[in-house]
file entry29.cif (mmCIF, C-alpha atoms and all ligand atoms)
data_run
loop_
_atom_site.group_PDB
_atom_site.id
_atom_site.type_symbol
_atom_site.label_atom_id
_atom_site.label_comp_id
_atom_site.auth_asym_id
_atom_site.auth_seq_id
_atom_site.Cartn_x
_atom_site.Cartn_y
_atom_site.Cartn_z
ATOM 1 C CA MET A 209 0.000 0.000 0.000
ATOM 2 C CA LYS A 210 1.381 3.373 -0.999
ATOM 3 C CA VAL A 211 0.943 6.250 1.452
ATOM 4 C CA LEU A 212 1.394 9.640 -0.186
ATOM 5 C CA GLN A 213 1.078 13.272 0.812
ATOM 6 C CA SER A 214 2.036 15.346 -2.199
ATOM 7 C CA LEU A 215 -0.311 15.966 -5.088
ATOM 8 C CA ALA A 216 2.511 15.473 -7.597
ATOM 9 C CA GLU A 217 3.169 11.950 -6.294
ATOM 10 C CA VAL A 218 -0.524 11.113 -6.447
ATOM 11 C CA LYS A 219 -0.695 12.243 -10.069
ATOM 12 C CA GLU A 220 2.401 10.205 -10.865
ATOM 13 C CA TRP A 221 0.786 7.134 -9.236
ATOM 14 C CA ARG A 222 -2.394 7.706 -11.267
ATOM 15 C CA CYS A 223 -0.392 7.934 -14.491
ATOM 16 C CA SER A 224 1.384 4.664 -13.671
ATOM 17 C CA LEU A 225 -1.904 2.699 -13.845
ATOM 18 C CA ALA A 226 -2.673 0.848 -17.067
ATOM 19 C CA PRO A 227 -5.477 2.452 -19.127
ATOM 20 C CA ASP A 228 -7.705 -0.610 -18.698
ATOM 21 C CA GLU A 229 -7.282 -0.777 -14.902
ATOM 22 C CA SER A 230 -10.406 0.424 -13.128
ATOM 23 C CA LEU A 231 -9.845 2.786 -10.213
ATOM 24 C CA GLY A 232 -12.264 3.087 -7.295
ATOM 25 C CA LEU A 233 -12.030 6.226 -5.154
ATOM 26 C CA VAL A 234 -13.257 6.459 -1.558
ATOM 27 C CA PRO A 235 -13.158 10.071 -0.289
ATOM 28 C CA THR A 236 -13.196 10.407 3.525
ATOM 29 C CA MET A 237 -12.252 12.677 6.392
ATOM 30 C CA GLY A 238 -10.501 9.773 8.161
ATOM 31 C CA THR A 239 -11.005 8.227 11.608
ATOM 32 C CA LEU A 240 -12.198 5.183 9.737
ATOM 33 C CA HIS A 241 -14.897 2.915 11.135
ATOM 34 C CA ALA A 242 -16.924 0.019 9.787
ATOM 35 C CA GLY A 243 -19.029 2.425 7.675
ATOM 36 C CA HIS A 244 -15.959 3.698 5.809
ATOM 37 C CA ARG A 245 -14.609 0.170 5.619
ATOM 38 C CA SER A 246 -17.779 -1.028 3.896
ATOM 39 C CA LEU A 247 -17.071 1.523 1.139
ATOM 40 C CA LEU A 248 -13.462 0.346 0.842
ATOM 41 C CA ALA A 249 -14.615 -3.286 0.689
ATOM 42 C CA ALA A 250 -17.129 -2.450 -2.040
ATOM 43 C CA ALA A 251 -14.408 -0.631 -4.003
ATOM 44 C CA ARG A 252 -12.029 -3.573 -3.520
ATOM 45 C CA THR A 253 -14.635 -5.941 -4.947
ATOM 46 C CA GLY A 254 -15.686 -3.659 -7.781
ATOM 47 C CA CYS A 255 -12.374 -2.213 -9.037
ATOM 48 C CA ASP A 256 -8.806 -3.229 -9.934
ATOM 49 C CA ARG A 257 -7.288 -0.438 -7.814
ATOM 50 C CA VAL A 258 -8.571 1.352 -4.737
ATOM 51 C CA ALA A 259 -7.573 4.857 -3.639
ATOM 52 C CA LEU A 260 -8.538 6.316 -0.265
ATOM 53 C CA SER A 261 -8.323 10.054 0.345
ATOM 54 C CA ILE A 262 -8.206 11.420 3.877
ATOM 55 C CA PHE A 263 -8.824 15.138 4.235
ATOM 56 C CA VAL A 264 -10.713 17.115 6.843
ATOM 57 C CA ASN A 265 -11.865 19.648 4.275
ATOM 58 C CA PRO A 266 -12.009 23.134 5.844
ATOM 59 C CA LYS A 267 -14.290 24.448 3.076
ATOM 60 C CA GLN A 268 -17.198 22.342 4.325
ATOM 61 C CA PHE A 269 -17.012 23.714 7.878
ATOM 62 C CA ALA A 270 -18.285 27.132 8.965
ATOM 63 C CA ALA A 271 -16.101 29.135 11.365
ATOM 64 C CA SER A 272 -18.427 28.237 14.253
ATOM 65 C CA GLU A 273 -18.286 24.489 13.567
ATOM 66 C CA ASP A 274 -16.105 21.627 14.836
ATOM 67 C CA LEU A 275 -13.216 21.660 12.318
ATOM 68 C CA GLY A 276 -10.629 21.925 15.117
ATOM 69 C CA ALA A 277 -12.333 19.215 17.178
ATOM 70 C CA TYR A 278 -12.789 16.781 14.286
ATOM 71 C CA PRO A 279 -11.082 13.514 15.359
ATOM 72 C CA GLN A 280 -7.912 12.386 13.529
ATOM 73 C CA HIS A 281 -6.321 8.945 13.858
ATOM 74 C CA ALA A 282 -3.849 8.503 11.008
ATOM 75 C CA GLU A 283 -2.063 5.414 12.365
ATOM 76 C CA GLU A 284 -5.259 3.444 12.939
ATOM 77 C CA ASP A 285 -6.582 4.581 9.549
ATOM 78 C CA LEU A 286 -3.521 3.134 7.813
ATOM 79 C CA GLU A 287 -4.062 -0.203 9.556
ATOM 80 C CA SER A 288 -7.716 -0.286 8.482
ATOM 81 C CA ALA A 289 -6.806 0.708 4.920
ATOM 82 C CA ALA A 290 -4.165 -2.045 4.700
ATOM 83 C CA GLU A 291 -6.653 -4.606 6.026
ATOM 84 C CA GLU A 292 -9.165 -3.564 3.358
ATOM 85 C CA GLY A 293 -6.586 -4.009 0.594
ATOM 86 C CA VAL A 294 -6.319 -0.331 -0.341
ATOM 87 C CA ASP A 295 -3.640 0.436 -2.970
ATOM 88 C CA LEU A 296 -3.123 4.126 -2.246
ATOM 89 C CA VAL A 297 -3.823 6.388 0.724
ATOM 90 C CA TRP A 298 -3.573 10.120 0.141
ATOM 91 C CA PHE A 299 -3.294 12.382 3.178
ATOM 92 C CA THR A 300 -4.351 15.494 1.331
ATOM 93 C CA ARG A 301 -2.699 18.773 2.273
ATOM 94 C CA GLU A 302 -4.822 21.872 2.599
ATOM 95 C CA GLU A 303 -2.193 24.144 1.002
ATOM 96 C CA GLU A 304 -2.158 21.957 -2.113
ATOM 97 C CA MET A 305 -5.932 21.684 -2.383
ATOM 98 C CA TYR A 306 -6.558 25.367 -1.778
ATOM 99 C CA PRO A 307 -3.445 27.320 -2.692
ATOM 100 C CA GLU A 308 -3.282 31.082 -2.350
ATOM 101 C CA ARG A 309 -5.643 32.913 -4.722
ATOM 102 C CA PHE A 310 -8.054 29.947 -4.884
ATOM 103 C CA VAL A 311 -11.526 31.379 -5.627
ATOM 104 C CA THR A 312 -13.616 28.736 -7.408
ATOM 105 C CA ARG A 313 -16.930 27.654 -5.898
ATOM 106 C CA VAL A 314 -19.448 24.943 -6.741
ATOM 107 C CA GLU A 315 -23.138 25.526 -6.101
ATOM 108 C CA LEU A 316 -25.973 23.001 -6.244
ATOM 109 C CA LEU A 317 -29.050 24.911 -5.163
ATOM 110 C CA PRO A 318 -31.765 24.010 -4.292
ATOM 111 C CA LEU A 319 -30.559 20.515 -3.302
ATOM 112 C CA ALA A 320 -27.905 22.013 -1.059
ATOM 113 C CA ASP A 321 -29.968 24.482 0.928
ATOM 114 C CA ARG A 322 -32.533 22.101 2.413
ATOM 115 C CA LEU A 323 -32.205 19.580 5.285
ATOM 116 C CA CYS A 324 -28.573 19.889 6.538
ATOM 117 C CA GLY A 325 -28.065 22.882 4.247
ATOM 118 C CA LYS A 326 -30.456 25.022 6.296
ATOM 119 C CA ALA A 327 -28.164 25.046 9.315
ATOM 120 C CA ARG A 328 -24.996 24.658 7.215
ATOM 121 C CA PRO A 329 -25.507 26.911 4.169
ATOM 122 C CA HIS A 330 -21.942 26.541 2.837
ATOM 123 C CA HIS A 331 -21.456 22.891 3.687
ATOM 124 C CA PHE A 332 -22.475 21.123 0.482
ATOM 125 C CA GLY A 333 -20.741 23.679 -1.726
ATOM 126 C CA GLY A 334 -17.543 22.818 0.147
ATOM 127 C CA VAL A 335 -18.196 19.089 -0.173
ATOM 128 C CA ALA A 336 -18.965 19.302 -3.898
ATOM 129 C CA LEU A 337 -15.856 21.425 -4.484
ATOM 130 C CA VAL A 338 -13.466 18.997 -2.813
ATOM 131 C CA VAL A 339 -15.100 15.950 -4.405
ATOM 132 C CA LEU A 340 -14.919 17.562 -7.849
ATOM 133 C CA LYS A 341 -11.223 18.268 -7.295
ATOM 134 C CA LEU A 342 -10.654 14.676 -6.171
ATOM 135 C CA PHE A 343 -12.483 13.425 -9.274
ATOM 136 C CA ASN A 344 -10.262 15.558 -11.484
ATOM 137 C CA ILE A 345 -7.090 14.423 -9.727
ATOM 138 C CA PHE A 346 -7.887 10.693 -9.639
ATOM 139 C CA ALA A 347 -10.130 10.288 -12.710
ATOM 140 C CA PRO A 348 -11.694 7.222 -11.056
ATOM 141 C CA ARG A 349 -14.035 4.866 -12.880
ATOM 142 C CA ARG A 350 -16.158 4.598 -9.728
ATOM 143 C CA ALA A 351 -16.463 6.595 -6.514
ATOM 144 C CA TYR A 352 -18.044 5.255 -3.351
ATOM 145 C CA PHE A 353 -20.323 7.169 -0.974
ATOM 146 C CA GLY A 354 -22.369 6.078 2.033
ATOM 147 C CA ASN A 355 -26.091 6.570 2.450
ATOM 148 C CA LYS A 356 -25.336 7.674 6.011
ATOM 149 C CA ASP A 357 -24.811 11.076 4.326
ATOM 150 C CA PHE A 358 -27.803 10.631 2.050
ATOM 151 C CA GLN A 359 -28.116 14.281 1.017
ATOM 152 C CA GLN A 360 -24.405 14.418 0.217
ATOM 153 C CA ALA A 361 -24.581 11.318 -2.004
ATOM 154 C CA THR A 362 -27.613 12.751 -3.809
ATOM 155 C CA ILE A 363 -25.793 16.029 -4.423
ATOM 156 C CA ILE A 364 -22.678 14.271 -5.745
ATOM 157 C CA GLU A 365 -24.818 12.168 -8.105
ATOM 158 C CA ARG A 366 -26.469 15.356 -9.354
ATOM 159 C CA MET A 367 -23.122 17.078 -9.909
ATOM 160 C CA VAL A 368 -21.784 14.092 -11.854
ATOM 161 C CA ALA A 369 -24.884 14.061 -14.079
ATOM 162 C CA ASP A 370 -24.975 17.854 -14.528
ATOM 163 C CA LEU A 371 -21.281 18.114 -15.432
ATOM 164 C CA ASN A 372 -21.178 14.972 -17.622
ATOM 165 C CA LEU A 373 -18.480 13.404 -15.490
ATOM 166 C CA ASP A 374 -17.673 9.891 -16.638
ATOM 167 C CA ILE A 375 -17.716 8.415 -13.121
ATOM 168 C CA GLU A 376 -20.083 5.862 -11.638
ATOM 169 C CA ILE A 377 -21.297 6.822 -8.181
ATOM 170 C CA VAL A 378 -21.802 3.743 -6.014
ATOM 171 C CA ARG A 379 -23.990 4.340 -2.955
ATOM 172 C CA CYS A 380 -23.420 1.968 -0.057
ATOM 173 C CA PRO A 381 -25.900 1.203 2.754
ATOM 174 C CA LEU A 382 -25.730 3.000 6.088
ATOM 175 C CA VAL A 383 -23.825 0.882 8.649
ATOM 176 C CA ARG A 384 -25.025 0.837 12.274
ATOM 177 C CA GLU A 385 -23.610 -0.479 15.506
ATOM 178 C CA PRO A 386 -25.487 -3.483 16.957
ATOM 179 C CA ASP A 387 -27.530 -1.192 19.235
ATOM 180 C CA GLY A 388 -28.739 0.816 16.216
ATOM 181 C CA ILE A 389 -26.604 3.977 16.402
ATOM 182 C CA ALA A 390 -25.339 5.103 12.974
ATOM 183 C CA LEU A 391 -21.552 4.830 12.839
ATOM 184 C CA SER A 392 -19.901 8.234 12.644
ATOM 185 C CA SER A 393 -16.398 9.523 13.354
ATOM 186 C CA ARG A 394 -18.063 12.219 15.473
ATOM 187 C CA ASN A 395 -19.452 9.572 17.874
ATOM 188 C CA LEU A 396 -15.949 9.576 19.392
ATOM 189 C CA ASN A 397 -16.596 13.125 20.623
ATOM 190 C CA LEU A 398 -19.637 12.010 22.643
ATOM 191 C CA SER A 399 -19.394 11.347 26.360
ATOM 192 C CA ARG A 400 -20.579 7.935 27.580
ATOM 193 C CA GLU A 401 -23.850 9.540 28.628
ATOM 194 C CA GLY A 402 -24.105 11.377 25.300
ATOM 195 C CA ARG A 403 -23.540 8.117 23.410
ATOM 196 C CA ARG A 404 -26.473 6.611 25.325
ATOM 197 C CA SER A 405 -28.710 9.612 24.597
ATOM 198 C CA ALA A 406 -27.745 9.502 20.914
ATOM 199 C CA LEU A 407 -29.559 6.185 20.595
ATOM 200 C CA ALA A 408 -32.798 8.179 20.682
ATOM 201 C CA LEU A 409 -32.189 9.218 17.058
ATOM 202 C CA SER A 410 -32.148 5.709 15.571
ATOM 203 C CA ARG A 411 -34.870 4.556 17.978
ATOM 204 C CA GLY A 412 -37.059 7.433 16.815
ATOM 205 C CA LEU A 413 -36.501 6.516 13.172
ATOM 206 C CA PHE A 414 -37.208 2.856 13.878
ATOM 207 C CA ALA A 415 -40.437 3.762 15.713
ATOM 208 C CA ALA A 416 -41.659 5.576 12.594
ATOM 209 C CA GLY A 417 -40.448 2.645 10.472
ATOM 210 C CA GLU A 418 -42.559 0.205 12.478
ATOM 211 C CA LEU A 419 -45.605 2.420 12.206
ATOM 212 C CA HIS A 420 -45.079 2.673 8.454
ATOM 213 C CA ALA A 421 -44.629 -1.109 8.187
ATOM 214 C CA GLY A 422 -47.992 -1.443 9.958
ATOM 215 C CA GLY A 423 -49.649 0.601 7.203
ATOM 216 C CA GLU A 424 -49.485 4.204 8.485
ATOM 217 C CA ARG A 425 -48.995 6.685 5.617
ATOM 218 C CA ASP A 426 -49.902 9.962 7.302
ATOM 219 C CA VAL A 427 -46.835 12.219 7.423
ATOM 220 C CA SER A 428 -47.740 13.948 10.729
ATOM 221 C CA SER A 429 -48.325 10.621 12.491
ATOM 222 C CA LEU A 430 -45.033 9.184 11.245
ATOM 223 C CA LEU A 431 -43.092 12.324 12.227
ATOM 224 C CA LEU A 432 -44.800 12.389 15.626
ATOM 225 C CA ALA A 433 -43.838 8.768 16.308
ATOM 226 C CA ALA A 434 -40.187 9.589 15.635
ATOM 227 C CA SER A 435 -40.102 12.964 17.376
ATOM 228 C CA GLY A 436 -41.811 11.553 20.478
ATOM 229 C CA VAL A 437 -38.929 9.128 21.007
ATOM 230 C CA ILE A 438 -36.245 11.666 20.085
ATOM 231 C CA ARG A 439 -37.629 14.435 22.297
ATOM 232 C CA SER A 440 -37.857 12.055 25.252
ATOM 233 C CA GLU A 441 -34.078 12.526 25.541
ATOM 234 C CA ALA A 442 -33.713 16.007 27.019
ATOM 235 C CA ARG A 443 -30.042 16.334 25.949
ATOM 236 C CA VAL A 444 -30.900 15.949 22.264
ATOM 237 C CA GLU A 445 -31.528 19.281 20.489
ATOM 238 C CA LEU A 446 -33.502 18.368 17.378
ATOM 239 C CA GLU A 447 -32.406 20.363 14.317
ATOM 240 C CA TYR A 448 -34.729 18.810 11.737
ATOM 241 C CA LEU A 449 -36.850 15.733 11.199
ATOM 242 C CA GLU A 450 -38.286 15.414 7.691
ATOM 243 C CA LEU A 451 -39.908 12.887 5.398
ATOM 244 C CA VAL A 452 -38.752 13.467 1.831
ATOM 245 C CA ASP A 453 -38.667 12.021 -1.656
ATOM 246 C CA PRO A 454 -35.268 10.252 -1.827
ATOM 247 C CA THR A 455 -34.498 11.552 -5.322
ATOM 248 C CA SER A 456 -35.595 15.197 -5.182
ATOM 249 C CA LEU A 457 -35.278 15.560 -1.375
ATOM 250 C CA GLU A 458 -38.588 17.460 -1.541
ATOM 251 C CA PRO A 459 -40.593 17.048 1.681
ATOM 252 C CA PHE A 460 -43.916 15.209 1.765
ATOM 253 C CA ASP A 461 -46.446 17.141 3.825
ATOM 254 C CA GLN A 462 -49.563 14.927 3.911
ATOM 255 C CA VAL A 463 -49.208 11.274 2.959
ATOM 256 C CA VAL A 464 -46.172 9.268 1.879
ATOM 257 C CA PRO A 465 -46.537 7.515 -1.498
ATOM 258 C CA ASP A 466 -46.527 3.740 -1.986
ATOM 259 C CA GLY A 467 -42.960 3.866 -3.272
ATOM 260 C CA GLY A 468 -41.776 4.870 0.200
ATOM 261 C CA ALA A 469 -40.086 7.913 1.703
ATOM 262 C CA LEU A 470 -36.845 8.823 3.384
ATOM 263 C CA LEU A 471 -36.961 9.946 7.010
ATOM 264 C CA LEU A 472 -33.961 12.080 7.975
ATOM 265 C CA VAL A 473 -32.914 13.577 11.280
ATOM 266 C CA ALA A 474 -30.186 15.916 12.489
ATOM 267 C CA ALA A 475 -29.575 16.892 16.094
ATOM 268 C CA MET A 476 -26.981 18.410 18.394
ATOM 269 C CA LEU A 477 -25.912 16.520 21.476
ATOM 270 C CA ASP A 478 -23.196 17.790 23.825
ATOM 271 C CA GLY A 479 -22.072 20.137 21.025
ATOM 272 C CA VAL A 480 -21.708 17.202 18.583
ATOM 273 C CA ARG A 481 -23.805 17.273 15.416
ATOM 274 C CA LEU A 482 -25.336 13.906 14.515
ATOM 275 C CA ILE A 483 -27.341 12.802 11.468
ATOM 276 C CA ASP A 484 -29.228 9.624 10.672
ATOM 277 C CA ASN A 485 -31.831 8.418 8.196
ATOM 278 C CA LEU A 486 -34.100 5.506 7.432
ATOM 279 C CA PHE A 487 -35.948 4.596 4.265
ATOM 280 C CA LEU A 488 -39.583 3.815 5.062
ATOM 281 C CA GLY A 489 -40.681 1.245 2.527
ATOM 282 C CA GLY A 490 -37.910 -1.356 2.593
ATOM 283 C CA GLY A 491 -34.334 -1.119 1.335
ATOM 284 C CA ASP A 492 -32.378 2.072 1.792
ATOM 285 C CA GLY A 493 -33.975 4.278 -0.832
ATOM 286 C CA SER A 494 -31.003 4.519 -3.177
ATOM 287 C CA ARG A 495 -31.438 3.509 -6.771
ATOM 288 C CA ASP A 496 -28.177 1.583 -6.626
ATOM 289 C CA GLU A 497 -29.105 -0.172 -3.445
ATOM 290 C CA GLY A 498 -26.317 -2.138 -1.849
ATOM 291 C CA SER A 499 -24.438 -2.604 -5.093
ATOM 292 C CA GLY A 500 -20.733 -2.355 -5.749
HETATM 293 P P1 LIG B 601 -16.708 11.124 6.226
HETATM 294 O O1 LIG B 601 -15.356 10.617 6.623
HETATM 295 O O2 LIG B 601 -17.632 11.321 7.373
HETATM 296 O O3 LIG B 601 -16.626 12.299 5.282
HETATM 297 O O4 LIG B 601 -17.370 9.945 5.375
HETATM 298 C C1 LIG B 601 -16.733 9.430 4.238
HETATM 299 C C2 LIG B 601 -17.685 8.486 3.536
HETATM 300 O O5 LIG B 601 -18.046 7.419 4.416
HETATM 301 C C3 LIG B 601 -18.985 9.180 3.124
HETATM 302 O O6 LIG B 601 -19.370 8.708 1.839
HETATM 303 C C4 LIG B 601 -19.956 8.714 4.184
HETATM 304 O O7 LIG B 601 -21.296 8.675 3.774
HETATM 305 C C5 LIG B 601 -19.452 7.304 4.461
HETATM 306 N N1 LIG B 601 -19.905 6.884 5.781
HETATM 307 C C6 LIG B 601 -19.702 7.516 6.963
HETATM 308 N N2 LIG B 601 -20.365 6.866 7.956
HETATM 309 C C7 LIG B 601 -21.011 5.816 7.372
HETATM 310 C C8 LIG B 601 -21.873 4.787 7.859
HETATM 311 N N3 LIG B 601 -22.212 4.698 9.147
HETATM 312 N N4 LIG B 601 -22.356 3.889 6.967
HETATM 313 C C9 LIG B 601 -22.021 3.977 5.646
HETATM 314 N N5 LIG B 601 -21.207 4.922 5.135
HETATM 315 C C10 LIG B 601 -20.718 5.827 5.974
#

call {"tool": "encode", "arguments": {"input": "entry29.cif", "output": "structure tokens", "more": "lines below"}}
Ligand code: AMP
result
Amino acid sequence: MKVLQSLAEVKEWRCSLAPDESLGLVPTMGTLHAGHRSLLAAARTGCDRVALSIFVNPKQFAASEDLGAYPQHAEEDLESAAEEGVDLVWFTREEEMYPERFVTRVELLPLADRLCGKARPHHFGGVALVVLKLFNIFAPRRAYFGNKDFQQATIIERMVADLNLDIEIVRCPLVREPDGIALSSRNLNLSREGRRSALALSRGLFAAGELHAGGERDVSSLLLAASGVIRSEARVELEYLELVDPTSLEPFDQVVPDGGALLLVAAMLDGVRLIDNLFLGGGDGSRDEGSG
């Protein structure tokens, strides 16, 4: 496994691949867990070569957010990457990604200003910008994203279609811990008590899921079932809870259609921002469900 830092070396590595070798790219911010590893495993199965980028991208954090507190565990990440059979790890440097005089922006309104974008208006522009740069640098055949960040994956798919990028986006299912909590690098910043309270998010989603499985289609009833469980944890500050169309991310306001709906939640807990989602209707709502 090659471990590189400089952009020039990464480009050289890319050029050394044979034209018919397929490259799978897995962009991350590091502190790898089983969710990230599921993406790496899917890339390993689906491609000849696998590249992992690790970069806590400052352009997707507002000044008031947790950029400085974002966990970093490079040594452990290298062990995980080696175990998953990764060919190249790139520890991206900020000064090479965003050199002096960098001004370009990427905008994907209105997809980017709803759900997480309401509280984080610059977030998805920053994500799309760094992912577009990574696509240009690596020219991968496939890139792997998790449905844990459902809105992000939808936005990246849109950008690829809009800009005619010749890259297949593979969406991988959300991975949970056995007790139901969605795996996230940020879970490491929760106290033991906070970790326990965080379970209210997945439990709330599951409560709505059970109601939906029993035939309930009324949006208010489904949202109430979830919010009742979530609000029972006083430490959880609910940011949003919405039932949306998984493709357009447009909210449903009366009844959910037979095809199903995506229930998404975001909340703050002990100063840590957590997100989760559940597709009501079976599967995980992505068109490319579980493939790769
Ligand atoms: P991050 O390091 O948080 O930027 O995430 C990098 C990639 O891993 C993104 O495509 C995420 O959606 C994906 N990912 C993070 N957590 C999970 C999870 N629990 N299940 C599946 N994919 C995940």

call {"tool": "resolve_selection", "arguments": {"input": "entry29.cif", "expression": "the PyMOL selection byres (((chain A and resi 380) around 6) and not hetatm)", "output": "ChimeraX atom specification"}}
result
/A:354-355,379,381,498

call {"tool": "residues_near_ligand", "arguments": {"input": "entry29.cif", "ligand": "ligand LIG 601 (chain B)", "cutoff": "6 Å", "atoms": "all atoms listed in the file", "output": "PyMOL selection string"}}
result
chain A and resi 235-238+243-244+353-357+381-384+390-392

call {"tool": "residues_near_point", "arguments": {"input": "entry29.cif", "point": "(-33.3, 5.8, -1.0)", "cutoff": "12 Å", "atoms": "only C-alpha atoms", "output": "PyMOL selection string"}}
result
chain A and resi 354-359+361-362+379-382+451-457+467-472+485-498

call {"tool": "closest_atom_pairs", "arguments": {"input": "entry29.cif", "of": "segment 310-346 of chain A", "to": "segment 210-215 of chain A", "cutoff": "12 Å", "atoms": "only C-alpha atoms", "output": "JSON lines"}}
result
{"residue": "A:Lys341", "atom": "CA", "partner": "A:Leu215", "partner_atom": "CA", "distance": 11.4}
{"residue": "A:Leu342", "atom": "CA", "partner": "A:Leu215", "partner_atom": "CA", "distance": 10.5}
{"residue": "A:Asn344", "atom": "CA", "partner": "A:Leu215", "partner_atom": "CA", "distance": 11.8}
{"residue": "A:Ile345", "atom": "CA", "partner": "A:Leu215", "partner_atom": "CA", "distance": 8.4}
{"residue": "A:Phe346", "atom": "CA", "partner": "A:Leu215", "partner_atom": "CA", "distance": 10.3}

call {"tool": "residues_near_point", "arguments": {"input": "entry29.cif", "point": "(-6.9, -1.6, -10.3)", "cutoff": "12 Å", "atoms": "only C-alpha atoms", "output": "PyMOL selection string"}}
result
chain A and resi 221-222+224-233+251-259+293-296+348-350

call {"tool": "write_last_selection", "arguments": {"input": "entry29.cif", "atoms": "C-alpha atoms", "output": "mmCIF file, in the frame of the given file"}}
result
data_model
loop_
_atom_site.group_PDB
_atom_site.id
_atom_site.type_symbol
_atom_site.label_atom_id
_atom_site.label_comp_id
_atom_site.auth_asym_id
_atom_site.auth_seq_id
_atom_site.Cartn_x
_atom_site.Cartn_y
_atom_site.Cartn_z
ATOM 1 C CA TRP A 221 0.786 7.134 -9.236
ATOM 2 C CA ARG A 222 -2.394 7.706 -11.267
ATOM 3 C CA SER A 224 1.384 4.664 -13.671
ATOM 4 C CA LEU A 225 -1.904 2.699 -13.845
ATOM 5 C CA ALA A 226 -2.673 0.848 -17.067
ATOM 6 C CA PRO A 227 -5.477 2.452 -19.127
ATOM 7 C CA ASP A 228 -7.705 -0.610 -18.698
ATOM 8 C CA GLU A 229 -7.282 -0.777 -14.902
ATOM 9 C CA SER A 230 -10.406 0.424 -13.128
ATOM 10 C CA LEU A 231 -9.845 2.786 -10.213
ATOM 11 C CA GLY A 232 -12.264 3.087 -7.295
ATOM 12 C CA LEU A 233 -12.030 6.226 -5.154
ATOM 13 C CA ALA A 251 -14.408 -0.631 -4.003
ATOM 14 C CA ARG A 252 -12.029 -3.573 -3.520
ATOM 15 C CA THR A 253 -14.635 -5.941 -4.947
ATOM 16 C CA GLY A 254 -15.686 -3.659 -7.781
ATOM 17 C CA CYS A 255 -12.374 -2.213 -9.037
ATOM 18 C CA ASP A 256 -8.806 -3.229 -9.934
ATOM 19 C CA ARG A 257 -7.288 -0.438 -7.814
ATOM 20 C CA VAL A 258 -8.571 1.352 -4.737
ATOM 21 C CA ALA A 259 -7.573 4.857 -3.639
ATOM 22 C CA GLY A 293 -6.586 -4.009 0.594
ATOM 23 C CA VAL A 294 -6.319 -0.331 -0.341
ATOM 24 C CA ASP A 295 -3.640 0.436 -2.970
ATOM 25 C CA LEU A 296 -3.123 4.126 -2.246
ATOM 26 C CA PRO A 348 -11.694 7.222 -11.056
ATOM 27 C CA ARG A 349 -14.035 4.866 -12.880
ATOM 28 C CA ARG A 350 -16.158 4.598 -9.728
#

call {"tool": "resolve_selection", "arguments": {"input": "entry29.cif", "expression": "the PyMOL selection byres (((chain A and resi 270) around 8) and not hetatm)", "output": "list in words"}}
result
Lys267, Gln268, Phe269, Ala271, Ser272, Glu273, Arg328, His330 and His331 of chain A

call {"tool": "atom_distance", "arguments": {"input": "entry29.cif", "atom1": "atom CA of Cys324 of chain A", "atom2": "atom CA of Tyr448 of chain A"}}
result
8.1 Å

call {"tool": "resolve_selection", "arguments": {"input": "entry29.cif", "expression": "the PyMOL selection byres (((chain A and resi 278) around 9) and not hetatm)", "output": "PDB file with C-alpha atoms, keeping the file's coordinate frame"}}
result
ATOM      1  CA  MET A 237     -12.252  12.677   6.392  1.00  0.00           C
ATOM      2  CA  VAL A 264     -10.713  17.115   6.843  1.00  0.00           C
ATOM      3  CA  ASP A 274     -16.105  21.627  14.836  1.00  0.00           C
ATOM      4  CA  LEU A 275     -13.216  21.660  12.318  1.00  0.00           C
ATOM      5  CA  GLY A 276     -10.629  21.925  15.117  1.00  0.00           C
ATOM      6  CA  ALA A 277     -12.333  19.215  17.178  1.00  0.00           C
ATOM      7  CA  PRO A 279     -11.082  13.514  15.359  1.00  0.00           C
ATOM      8  CA  GLN A 280      -7.912  12.386  13.529  1.00  0.00           C
ATOM      9  CA  SER A 393     -16.398   9.523  13.354  1.00  0.00           C
ATOM     10  CA  ARG A 394     -18.063  12.219  15.473  1.00  0.00           C
ATOM     11  CA  ASN A 397     -16.596  13.125  20.623  1.00  0.00           C
TER      12      ASN A 397
END

call {"tool": "closest_residue", "arguments": {"input": "entry29.cif", "among": "A:Leu240, A:Ile389, A:Leu340, A:Ala327", "to": "Asn372 of chain A", "atoms": "only C-alpha atoms"}}
result
A:Leu340

call {"tool": "closest_residue", "arguments": {"input": "entry29.cif", "among": "A:Arg245, A:His420, A:Arg403, A:Arg425", "to": "Met476 of chain A", "atoms": "only C-alpha atoms"}}
result
A:Arg403

call {"tool": "closest_atom_pairs", "arguments": {"input": "entry29.cif", "of": "segment 355-404 of chain A", "to": "segment 435-441 of chain A", "cutoff": "12 Å", "atoms": "all atoms listed in the file", "output": "tab-separated table"}}
result
residue	atom	partner	partner_atom	distance
A:Glu401	CA	A:Glu441	CA	11.1
A:Gly402	CA	A:Glu441	CA	10.0
A:Arg403	CA	A:Glu441	CA	11.6
A:Arg404	CA	A:Glu441	CA	9.6

call {"tool": "atom_distance", "arguments": {"input": "entry29.cif", "atom1": "atom CA of Val473 of chain A", "atom2": "atom CA of Gly422 of chain A"}}
result
21.3 Å

call {"tool": "atom_distance", "arguments": {"input": "entry29.cif", "atom1": "atom CA of Ala242 of chain A", "atom2": "atom CA of Ala416 of chain A"}}
result
25.5 Å

call {"tool": "closest_residue", "arguments": {"input": "entry29.cif", "among": "A:Ala415, A:Ala408, A:Leu432, A:Val463", "to": "Leu477 of chain A", "atoms": "all atoms listed in the file"}}
result
A:Ala408

call {"tool": "residues_around", "arguments": {"input": "entry29.cif", "residues": "Ala434 of chain A", "least_positions_apart": "4", "cutoff": "9 Å", "atoms": "all atoms listed in the file", "output": "ChimeraX atom specification"}}
result
/A:409-417,429-430,438-439,449

call {"tool": "closest_residue", "arguments": {"input": "entry29.cif", "among": "A:Val339, A:Val218, A:Leu286, A:Ala369", "to": "His241 of chain A", "atoms": "all atoms listed in the file"}}
result
A:Leu286
